[in-house]
$ cat structure11.tsv   # TSV, C-alpha atoms
chain	number	residue	atom	x	y	z
A	1	MET	CA	-26.08	-49.78	-2.59
A	2	PRO	CA	-27.92	-47.62	-0.02
A	3	LEU	CA	-31.65	-47.16	-0.57
A	4	GLU	CA	-31.58	-43.51	0.50
A	5	ASP	CA	-29.22	-40.56	0.49
A	6	ASN	CA	-28.58	-39.55	4.07
A	7	GLN	CA	-25.06	-38.18	3.55
A	8	GLY	CA	-25.69	-35.52	0.90
A	9	ALA	CA	-24.37	-37.25	-2.22
A	10	GLY	CA	-27.28	-35.86	-4.24
A	11	PRO	CA	-26.70	-32.17	-3.51
A	12	ALA	CA	-22.95	-32.78	-3.85
A	13	MET	CA	-23.42	-33.95	-7.44
A	14	VAL	CA	-25.66	-30.97	-8.21
A	15	ILE	CA	-22.99	-28.62	-6.82
A	16	LEU	CA	-20.27	-30.29	-8.90
A	17	LYS	CA	-22.38	-30.00	-12.04
A	18	ARG	CA	-23.10	-26.33	-11.32
A	19	SER	CA	-19.38	-25.67	-10.84
A	20	LEU	CA	-18.82	-26.45	-14.54
A	21	ASP	CA	-21.04	-23.58	-15.72
A	22	PRO	CA	-19.34	-20.57	-17.35
A	23	GLY	CA	-18.41	-17.76	-14.97
A	24	SER	CA	-18.46	-13.98	-15.30
A	25	ASN	CA	-14.87	-13.32	-14.22
A	26	ALA	CA	-13.34	-16.74	-14.87
A	27	ALA	CA	-13.80	-19.74	-17.13
A	28	THR	CA	-16.21	-21.34	-14.64
A	29	VAL	CA	-18.31	-20.09	-11.75
A	30	GLN	CA	-16.45	-19.71	-8.48
A	31	PHE	CA	-16.88	-21.64	-5.26
A	32	GLY	CA	-18.60	-18.70	-3.58
A	33	THR	CA	-21.38	-19.00	-6.16
A	34	VAL	CA	-21.91	-22.76	-6.18
A	35	ARG	CA	-21.84	-23.13	-2.40
A	36	LYS	CA	-25.12	-21.21	-2.22
A	37	LEU	CA	-26.84	-24.35	-3.52
A	38	ARG	CA	-26.18	-25.90	-0.12
A	39	SER	CA	-28.30	-23.22	1.55
A	40	THR	CA	-31.00	-23.70	-1.08
A	41	TYR	CA	-31.12	-27.43	-0.45
A	42	THR	CA	-31.07	-26.99	3.34
A	43	ASN	CA	-33.89	-24.43	3.30
A	44	PHE	CA	-35.97	-26.68	1.06
A	45	TRP	CA	-35.34	-29.66	3.33
A	46	GLN	CA	-36.22	-27.72	6.48
A	47	ALA	CA	-39.46	-26.46	4.93
A	48	SER	CA	-40.56	-29.96	3.96
A	49	GLN	CA	-42.05	-32.81	5.98
A	50	MET	CA	-38.58	-34.33	6.23
A	51	SER	CA	-37.74	-31.85	8.99
A	52	GLN	CA	-40.45	-33.15	11.32
A	53	SER	CA	-37.82	-35.07	13.27
A	54	THR	CA	-35.89	-31.88	14.06
A	55	THR	CA	-35.08	-31.42	17.74
A	56	VAL	CA	-35.17	-27.88	19.14
A	57	PHE	CA	-33.31	-26.67	22.22
A	58	SER	CA	-34.73	-23.40	23.50
A	59	LEU	CA	-32.32	-21.25	25.51
A	60	GLU	CA	-33.12	-18.65	28.16
A	61	ASN	CA	-31.82	-15.78	26.04
A	62	GLY	CA	-34.50	-16.41	23.44
A	63	LYS	CA	-32.24	-18.20	21.00
A	64	SER	CA	-32.73	-21.75	19.81
A	65	TRP	CA	-30.51	-24.60	18.69
A	66	PHE	CA	-31.74	-27.02	16.06
A	67	VAL	CA	-30.60	-30.61	15.64
A	68	ASN	CA	-31.69	-32.21	12.39
A	69	SER	CA	-30.71	-34.96	10.00
A	70	CYS	CA	-30.42	-32.85	6.84
A	71	PRO	CA	-27.95	-34.60	4.48
A	72	ALA	CA	-26.32	-31.25	3.67
A	73	ASN	CA	-25.20	-31.00	7.29
A	74	SER	CA	-23.66	-34.46	7.50
A	75	PHE	CA	-20.02	-35.08	8.39
A	76	TRP	CA	-19.36	-36.44	4.90
A	77	PHE	CA	-20.90	-33.41	3.18
A	78	ASN	CA	-18.92	-30.98	5.33
A	79	ARG	CA	-15.71	-32.76	4.34
A	80	PHE	CA	-16.81	-32.67	0.70
A	81	ILE	CA	-17.43	-28.90	0.79
A	82	GLN	CA	-14.13	-28.28	2.53
A	83	GLY	CA	-12.23	-30.38	0.00
A	84	MET	CA	-13.97	-28.75	-2.94
A	85	HIS	CA	-13.11	-25.28	-1.65
A	86	GLU	CA	-9.46	-26.20	-1.15
A	87	ARG	CA	-9.21	-27.60	-4.68
A	88	SER	CA	-11.14	-24.90	-6.51
A	89	GLY	CA	-9.81	-21.92	-4.55
A	90	ASP	CA	-11.07	-18.36	-4.87
A	91	GLN	CA	-10.50	-15.76	-7.53
A	92	PRO	CA	-11.93	-12.55	-6.07
A	93	ASN	CA	-12.64	-9.63	-8.36
A	94	VAL	CA	-12.49	-6.69	-5.98
A	95	ASN	CA	-14.14	-3.48	-7.15
A	96	GLU	CA	-11.99	-0.38	-7.36
A	97	ALA	CA	-12.62	2.38	-4.84
A	98	ILE	CA	-13.45	5.81	-6.20
A	99	SER	CA	-10.99	8.52	-5.19
A	100	CYS	CA	-11.87	12.11	-4.35
A	101	GLU	CA	-10.05	13.23	-7.50
A	102	LEU	CA	-12.04	10.86	-9.70
A	103	MET	CA	-15.28	11.72	-7.93
A	104	SER	CA	-14.59	15.41	-8.46
A	105	GLU	CA	-13.96	14.83	-12.17
A	106	ILE	CA	-17.20	12.86	-12.54
A	107	MET	CA	-19.28	15.51	-10.78
A	108	THR	CA	-17.65	18.35	-12.72
A	109	ARG	CA	-18.53	16.68	-16.02
A	110	LEU	CA	-22.07	15.92	-14.90
A	111	ASN	CA	-22.49	19.52	-13.75
A	112	LYS	CA	-21.46	20.75	-17.20
A	113	ARG	CA	-24.03	18.44	-18.77
A	114	VAL	CA	-26.78	19.82	-16.55
A	115	LEU	CA	-25.75	23.44	-17.14
A	116	ASN	CA	-25.91	22.81	-20.88
A	117	ASN	CA	-29.23	21.00	-20.55
A	118	PRO	CA	-31.11	21.77	-17.30
A	119	ARG	CA	-33.76	19.19	-18.26
A	120	ASP	CA	-31.23	16.35	-18.28
A	121	SER	CA	-32.96	14.51	-15.43
A	122	ARG	CA	-30.94	11.32	-15.94
A	123	SER	CA	-27.65	13.11	-15.25
A	124	ILE	CA	-29.17	14.84	-12.22
A	125	GLU	CA	-30.42	11.55	-10.78
A	126	PHE	CA	-27.13	9.77	-11.40
A	127	ALA	CA	-25.09	12.64	-9.95
A	128	CYS	CA	-27.18	12.74	-6.77
A	129	TYR	CA	-27.11	8.97	-6.39
A	130	LEU	CA	-23.33	8.87	-6.69
A	131	LEU	CA	-22.72	11.96	-4.57
A	132	PHE	CA	-24.99	10.89	-1.71
A	133	SER	CA	-23.49	7.39	-1.75
A	134	PHE	CA	-19.96	8.77	-1.58
A	135	LEU	CA	-20.45	11.48	1.03
A	136	ALA	CA	-22.55	9.27	3.32
A	137	ALA	CA	-20.43	6.13	2.67
A	138	LEU	CA	-23.51	4.16	1.65
A	139	ARG	CA	-23.69	0.83	-0.12
A	140	GLY	CA	-25.35	0.95	-3.51
A	141	ASN	CA	-28.68	-0.44	-2.34
A	142	GLU	CA	-28.82	1.75	0.78
A	143	THR	CA	-28.95	4.96	-1.24
A	144	MET	CA	-32.17	3.71	-2.83
A	145	MET	CA	-33.77	3.85	0.65
A	146	ILE	CA	-33.69	7.65	0.81
A	147	SER	CA	-37.25	8.85	1.38
A	148	LEU	CA	-38.49	11.69	-0.82
A	149	GLY	CA	-41.56	12.27	1.33
A	150	SER	CA	-39.48	12.56	4.50
A	151	ILE	CA	-37.11	15.07	2.89
A	152	LEU	CA	-40.02	17.32	1.88
A	153	GLU	CA	-41.68	16.87	5.28
A	154	LEU	CA	-38.50	17.94	7.05
A	155	MET	CA	-38.23	20.99	4.82
A	156	VAL	CA	-41.78	22.03	5.66
A	157	LYS	CA	-41.38	21.52	9.41
A	158	GLU	CA	-37.87	22.90	9.61
A	159	LYS	CA	-37.81	25.80	7.18
A	160	ARG	CA	-34.48	26.92	8.60
A	161	LEU	CA	-32.87	23.86	6.98
A	162	LYS	CA	-32.89	25.77	3.70
A	163	ASN	CA	-30.34	28.19	5.14
A	164	GLU	CA	-28.24	25.64	7.01
A	165	ASN	CA	-24.86	24.49	5.74
A	166	TYR	CA	-25.98	20.87	5.55
A	167	ILE	CA	-28.66	18.68	4.06
A	168	VAL	CA	-30.57	15.88	5.78
A	169	LEU	CA	-31.10	12.54	4.04
A	170	PRO	CA	-33.71	10.30	5.73
A	171	LEU	CA	-33.18	6.58	5.06
A	172	ILE	CA	-35.98	4.11	5.81
A	173	GLY	CA	-35.74	0.34	5.57
A	174	LYS	CA	-33.98	-2.79	6.75
A	175	PHE	CA	-30.23	-2.38	6.78
A	176	LYS	CA	-27.36	-4.78	7.23
A	177	GLN	CA	-27.20	-6.30	10.74
A	178	VAL	CA	-30.56	-4.70	11.61
A	179	THR	CA	-33.63	-6.95	11.82
A	180	SER	CA	-36.39	-4.33	11.86
A	181	VAL	CA	-37.35	-1.34	9.73
A	182	THR	CA	-35.17	1.56	10.86
A	183	VAL	CA	-35.05	5.29	10.16
A	184	TYR	CA	-31.69	7.03	9.87
A	185	LEU	CA	-31.13	10.76	9.44
A	186	LEU	CA	-27.85	11.45	7.68
A	187	PHE	CA	-26.45	14.98	7.88
A	188	ILE	CA	-24.18	15.92	4.98
A	189	SER	CA	-22.29	19.18	4.73
A	190	LYS	CA	-23.10	21.28	1.68
A	191	ASP	CA	-19.62	22.76	1.63
A	192	THR	CA	-16.79	20.30	1.00
A	193	LYS	CA	-13.10	20.76	0.29
A	194	SER	CA	-13.47	18.74	-2.88
A	195	ASP	CA	-14.87	20.40	-5.99
A	196	PHE	CA	-18.06	18.58	-7.00
A	197	GLY	CA	-19.09	21.06	-9.68
A	198	CYS	CA	-21.41	22.81	-7.22
A	199	ASP	CA	-22.35	22.27	-3.59
A	200	VAL	CA	-24.41	19.31	-2.43
A	201	GLY	CA	-27.44	21.44	-1.65
A	202	ILE	CA	-27.72	22.59	-5.26
A	203	TRP	CA	-27.61	18.99	-6.48
A	204	LEU	CA	-30.42	18.07	-4.07
A	205	ASP	CA	-32.49	21.09	-5.14
A	206	ARG	CA	-32.10	20.03	-8.77
A	207	LEU	CA	-33.33	16.54	-8.02
A	208	LEU	CA	-36.26	17.79	-5.95
A	209	LYS	CA	-37.27	20.02	-8.87
A	210	VAL	CA	-37.20	16.98	-11.16
A	211	ARG	CA	-39.48	15.12	-8.74
A	212	LYS	CA	-41.81	18.13	-8.50
A	213	ASP	CA	-42.06	18.29	-12.29
A	214	GLU	CA	-42.97	14.59	-12.22
A	215	GLY	CA	-45.73	15.37	-9.73
A	216	ARG	CA	-44.17	13.29	-6.99
A	217	GLU	CA	-44.08	14.33	-3.34
A	218	LYS	CA	-44.05	10.94	-1.62
A	219	GLY	CA	-42.31	7.61	-1.85
A	220	TRP	CA	-38.65	7.00	-2.54
A	221	LEU	CA	-36.23	9.55	-3.91
A	222	PHE	CA	-35.04	6.96	-6.44
A	223	CYS	CA	-37.85	4.70	-7.62
A	224	LYS	CA	-39.29	2.92	-10.64
A	225	LYS	CA	-41.47	5.21	-12.73
A	226	ASP	CA	-43.50	2.68	-14.70
A	227	GLY	CA	-44.39	-0.98	-15.00
A	228	ASP	CA	-45.94	-3.36	-12.49
A	229	ARG	CA	-43.38	-2.37	-9.85
A	230	ARG	CA	-43.90	1.34	-10.20
A	231	GLY	CA	-43.03	3.23	-7.02
A	232	GLU	CA	-40.64	0.59	-5.70
A	233	PRO	CA	-37.00	1.51	-4.99
A	234	LEU	CA	-34.67	1.20	-7.95
A	235	GLU	CA	-32.22	-1.67	-8.13
A	236	MET	CA	-28.67	-0.56	-7.45
A	237	SER	CA	-27.70	-1.73	-10.95
A	238	HIS	CA	-29.91	0.99	-12.44
A	239	PHE	CA	-27.00	3.43	-12.74
A	240	GLU	CA	-24.34	0.86	-13.65
A	241	GLY	CA	-24.39	1.83	-17.32
A	242	ASP	CA	-24.19	5.56	-16.50
A	243	LEU	CA	-21.17	4.92	-14.29
A	244	HIS	CA	-19.29	2.91	-16.90
A	245	GLU	CA	-20.12	5.41	-19.64
A	246	ILE	CA	-18.66	8.41	-17.82
A	247	LEU	CA	-15.66	6.46	-16.49
A	248	LEU	CA	-14.79	5.31	-20.02
A	249	GLU	CA	-15.02	8.93	-21.13
A	250	ILE	CA	-12.65	9.99	-18.34
A	251	GLN	CA	-10.30	7.11	-19.11
A	252	LYS	CA	-9.96	8.28	-22.72
A	253	THR	CA	-9.38	11.94	-21.92
A	254	SER	CA	-7.38	11.94	-18.66
A	255	SER	CA	-4.82	10.00	-16.65
A	256	LEU	CA	-7.08	9.36	-13.65
A	257	ILE	CA	-7.88	5.82	-14.83
A	258	PRO	CA	-5.12	3.59	-16.29
A	259	LYS	CA	-5.61	2.91	-19.99
A	260	ASP	CA	-5.22	-0.86	-19.56
A	261	LEU	CA	-7.84	-1.14	-16.80
A	262	VAL	CA	-11.14	-2.77	-17.83
A	263	VAL	CA	-13.69	-0.33	-16.42
A	264	GLU	CA	-16.68	-2.67	-16.69
A	265	GLU	CA	-14.92	-5.33	-14.62
A	266	ARG	CA	-13.30	-3.18	-11.94
A	267	TYR	CA	-15.93	-0.55	-11.18
A	268	SER	CA	-19.41	-1.21	-9.82
A	269	VAL	CA	-22.02	0.99	-8.16
A	270	PHE	CA	-22.47	-1.51	-5.33
A	271	ARG	CA	-19.37	-0.77	-3.24
A	272	LEU	CA	-17.52	1.83	-5.29
A	273	ALA	CA	-18.67	4.88	-3.31
A	274	ARG	CA	-18.57	3.33	0.16
A	275	ARG	CA	-15.12	1.84	-0.36
A	276	GLY	CA	-13.86	5.15	-1.71
A	277	ALA	CA	-15.33	7.11	1.20
A	278	THR	CA	-13.90	4.82	3.88
A	279	THR	CA	-10.50	4.79	2.17
A	280	GLU	CA	-10.49	8.59	2.02
A	281	ALA	CA	-11.48	8.79	5.69
A	282	ARG	CA	-8.73	6.37	6.66
A	283	ASN	CA	-6.14	8.33	4.69
A	284	ARG	CA	-7.20	11.53	6.46
A	285	GLY	CA	-6.90	9.93	9.88
A	286	VAL	CA	-10.60	9.83	10.76
A	287	PRO	CA	-11.04	7.50	13.79
A	288	GLU	CA	-12.65	4.13	13.07
A	289	LEU	CA	-15.63	4.84	15.34
A	290	GLN	CA	-16.56	7.92	13.31
A	291	ARG	CA	-16.34	6.00	10.04
A	292	LYS	CA	-18.91	3.32	10.96
$ encode --input "structure11.tsv" --output "structure tokens"
Amino acid sequence: MPLEDNQGAGPAMVILKRSLDPGSNAATVQFGTVRKLRSTYTNFWQASQMSQSTTVFSLENGKSWFVNSCPANSFWFNRFIQGMHERSGDQPNVNEAISCELMSEIMTRLNKRVLNNPRDSRSIEFACYLLFSFLAALRGNETMMISLGSILELMVKEKRLKNENYIVLPLIGKFKQVTSVTVYLLFISKDTKSDFGCDVGIWLDRLLKVRKDEGREKGWLFCKKDGDRRGEPLEMSHFEGDLHEILLEIQKTSSLIPKDLVVEERYSVFRLARRGATTEARNRGVPELQRK
């Protein structure tokens, strides 16, 4: 028997044990979930004294190559992971895209709620979150990076924006494939061919009024209002319940959503709006470069 594990048998056993845990969309967790333990083990190993023997090759372009003896990178472990993936397979649960027709129905119903109760701040917040995500083709977490302070600052400096046929959404943060904090200005037309209950500018004005009533002029447009993490951007799951609630309502009263479709499993705020927006753009023949 070997006196040490230099091939990765230890992490392999942990991964196998984890693969027996109950899953959300299947009887057990999927390979895509359990394989993350390999990264956890590797990061732990590299941060420990065991990585002192690591050899580094520095290249002229500023990049580096690392050669180490981490068991999770061994030939045996790579074959183990490959074999496990081939035997377990994948069972993806792809989220449904939201169509323009469904989006229009959602916004029309939310608009009726707000007209009946102008102080319904939750419906206003949810409507703006969903509408901005859809029209700007944003991922769920990216919409939470819209800056309230920057919107108000732009309105003060550029008073003519009030009369323009578009709104400006400033996004600040670290985005996918970008390593540093970046500022994006997204221009969204107020007037769209789809009926969203009312134009986009009115929805934004409603939300800004809610924030003014809360006494907020800085920070994020969507943020936590209490607790130790007050002021931080909301998690994208914040509106998950609101989404499912209104979709279930639509499913019961219209034919836009099939009756046998499980709303909670097939719709999620994370990619629903972006996937719907890109699909709509593709169907309308918008060039790929303009959709990025």
$ closest_residue --input "structure11.tsv" --among "A:Asn25, A:Ser189, A:Ser53, A:Asn163" --to "Cys70 in chain A" --atoms "all atoms listed in the file"
A:Ser53
$ atom_distance --input "structure11.tsv" --atom1 "CA of Arg35 in chain A" --atom2 "CA of Gln52 in chain A"
25.2 Å
$ residues_around --input "structure11.tsv" --residues "Leu234 in chain A" --least-positions-apart "4" --cutoff "9 Å" --atoms "all atoms listed in the file" --output "compact mmCIF listing (two decimals) with C-alpha atoms, in the frame of the given file"
# COMPACT_ATOMS: atom_id res chain seq x y z
CA ASN A 141 -28.68 -0.44 -2.34
CA MET A 144 -32.17 3.71 -2.83
CA TRP A 220 -38.65 7.00 -2.54
CA PHE A 222 -35.04 6.96 -6.44
CA CYS A 223 -37.85 4.70 -7.62
CA LYS A 224 -39.29 2.92 -10.64
CA HIS A 238 -29.91 0.99 -12.44
$ atom_distance --input "structure11.tsv" --atom1 "CA of Thr279 in chain A" --atom2 "CA of Phe134 in chain A"
10.9 Å
$ residues_near_point --input "structure11.tsv" --point "(-38.6, 6.3, 0.5)" --cutoff "6 Å" --atoms "all atoms listed in the file" --output "PyMOL selection string"
chain A and resi 145-148+219-221
$ residues_near_point --input "structure11.tsv" --point "(-6.4, 2.8, -15.0)" --cutoff "12 Å" --atoms "only C-alpha atoms" --output "list in words"
Glu96, Ala97, Ile98, Leu102, Leu247, Leu248, Ile250, Gln251, Lys252, Thr253, Ser254, Ser255, Leu256, Ile257, Pro258, Lys259, Asp260, Leu261, Val262, Val263, Glu264, Glu265, Arg266 and Tyr267 of chain A
$ write_last_selection --input "structure11.tsv" --atoms "C-alpha atoms" --output "PDB file, in the frame of the given file"
ATOM      1  CA  GLU A  96     -11.990  -0.380  -7.360  1.00  0.00           C
ATOM      2  CA  ALA A  97     -12.620   2.380  -4.840  1.00  0.00           C
ATOM      3  CA  ILE A  98     -13.450   5.810  -6.200  1.00  0.00           C
ATOM      4  CA  LEU A 102     -12.040  10.860  -9.700  1.00  0.00           C
ATOM      5  CA  LEU A 247     -15.660   6.460 -16.490  1.00  0.00           C
ATOM      6  CA  LEU A 248     -14.790   5.310 -20.020  1.00  0.00           C
ATOM      7  CA  ILE A 250     -12.650   9.990 -18.340  1.00  0.00           C
ATOM      8  CA  GLN A 251     -10.300   7.110 -19.110  1.00  0.00           C
ATOM      9  CA  LYS A 252      -9.960   8.280 -22.720  1.00  0.00           C
ATOM     10  CA  THR A 253      -9.380  11.940 -21.920  1.00  0.00           C
ATOM     11  CA  SER A 254      -7.380  11.940 -18.660  1.00  0.00           C
ATOM     12  CA  SER A 255      -4.820  10.000 -16.650  1.00  0.00           C
ATOM     13  CA  LEU A 256      -7.080   9.360 -13.650  1.00  0.00           C
ATOM     14  CA  ILE A 257      -7.880   5.820 -14.830  1.00  0.00           C
ATOM     15  CA  PRO A 258      -5.120   3.590 -16.290  1.00  0.00           C
ATOM     16  CA  LYS A 259      -5.610   2.910 -19.990  1.00  0.00           C
ATOM     17  CA  ASP A 260      -5.220  -0.860 -19.560  1.00  0.00           C
ATOM     18  CA  LEU A 261      -7.840  -1.140 -16.800  1.00  0.00           C
ATOM     19  CA  VAL A 262     -11.140  -2.770 -17.830  1.00  0.00           C
ATOM     20  CA  VAL A 263     -13.690  -0.330 -16.420  1.00  0.00           C
ATOM     21  CA  GLU A 264     -16.680  -2.670 -16.690  1.00  0.00           C
ATOM     22  CA  GLU A 265     -14.920  -5.330 -14.620  1.00  0.00           C
ATOM     23  CA  ARG A 266     -13.300  -3.180 -11.940  1.00  0.00           C
ATOM     24  CA  TYR A 267     -15.930  -0.550 -11.180  1.00  0.00           C
TER      25      TYR A 267
END
$ residues_around --input "structure11.tsv" --residues "Val183 in chain A" --least-positions-apart "4" --cutoff "8 Å" --atoms "all atoms listed in the file" --output "PyMOL selection string"
chain A and resi 170-173
$ residues_around --input "structure11.tsv" --residues "range 120-124 of chain A" --least-positions-apart "3" --cutoff "9 Å" --atoms "all atoms listed in the file" --output "PyMOL selection string"
chain A and resi 110-111+113-114+116-117+127-129+203-204+206-207+210+242
$ atom_distance --input "structure11.tsv" --atom1 "CA of Val168 in chain A" --atom2 "CA of Leu186 in chain A"
5.5 Å
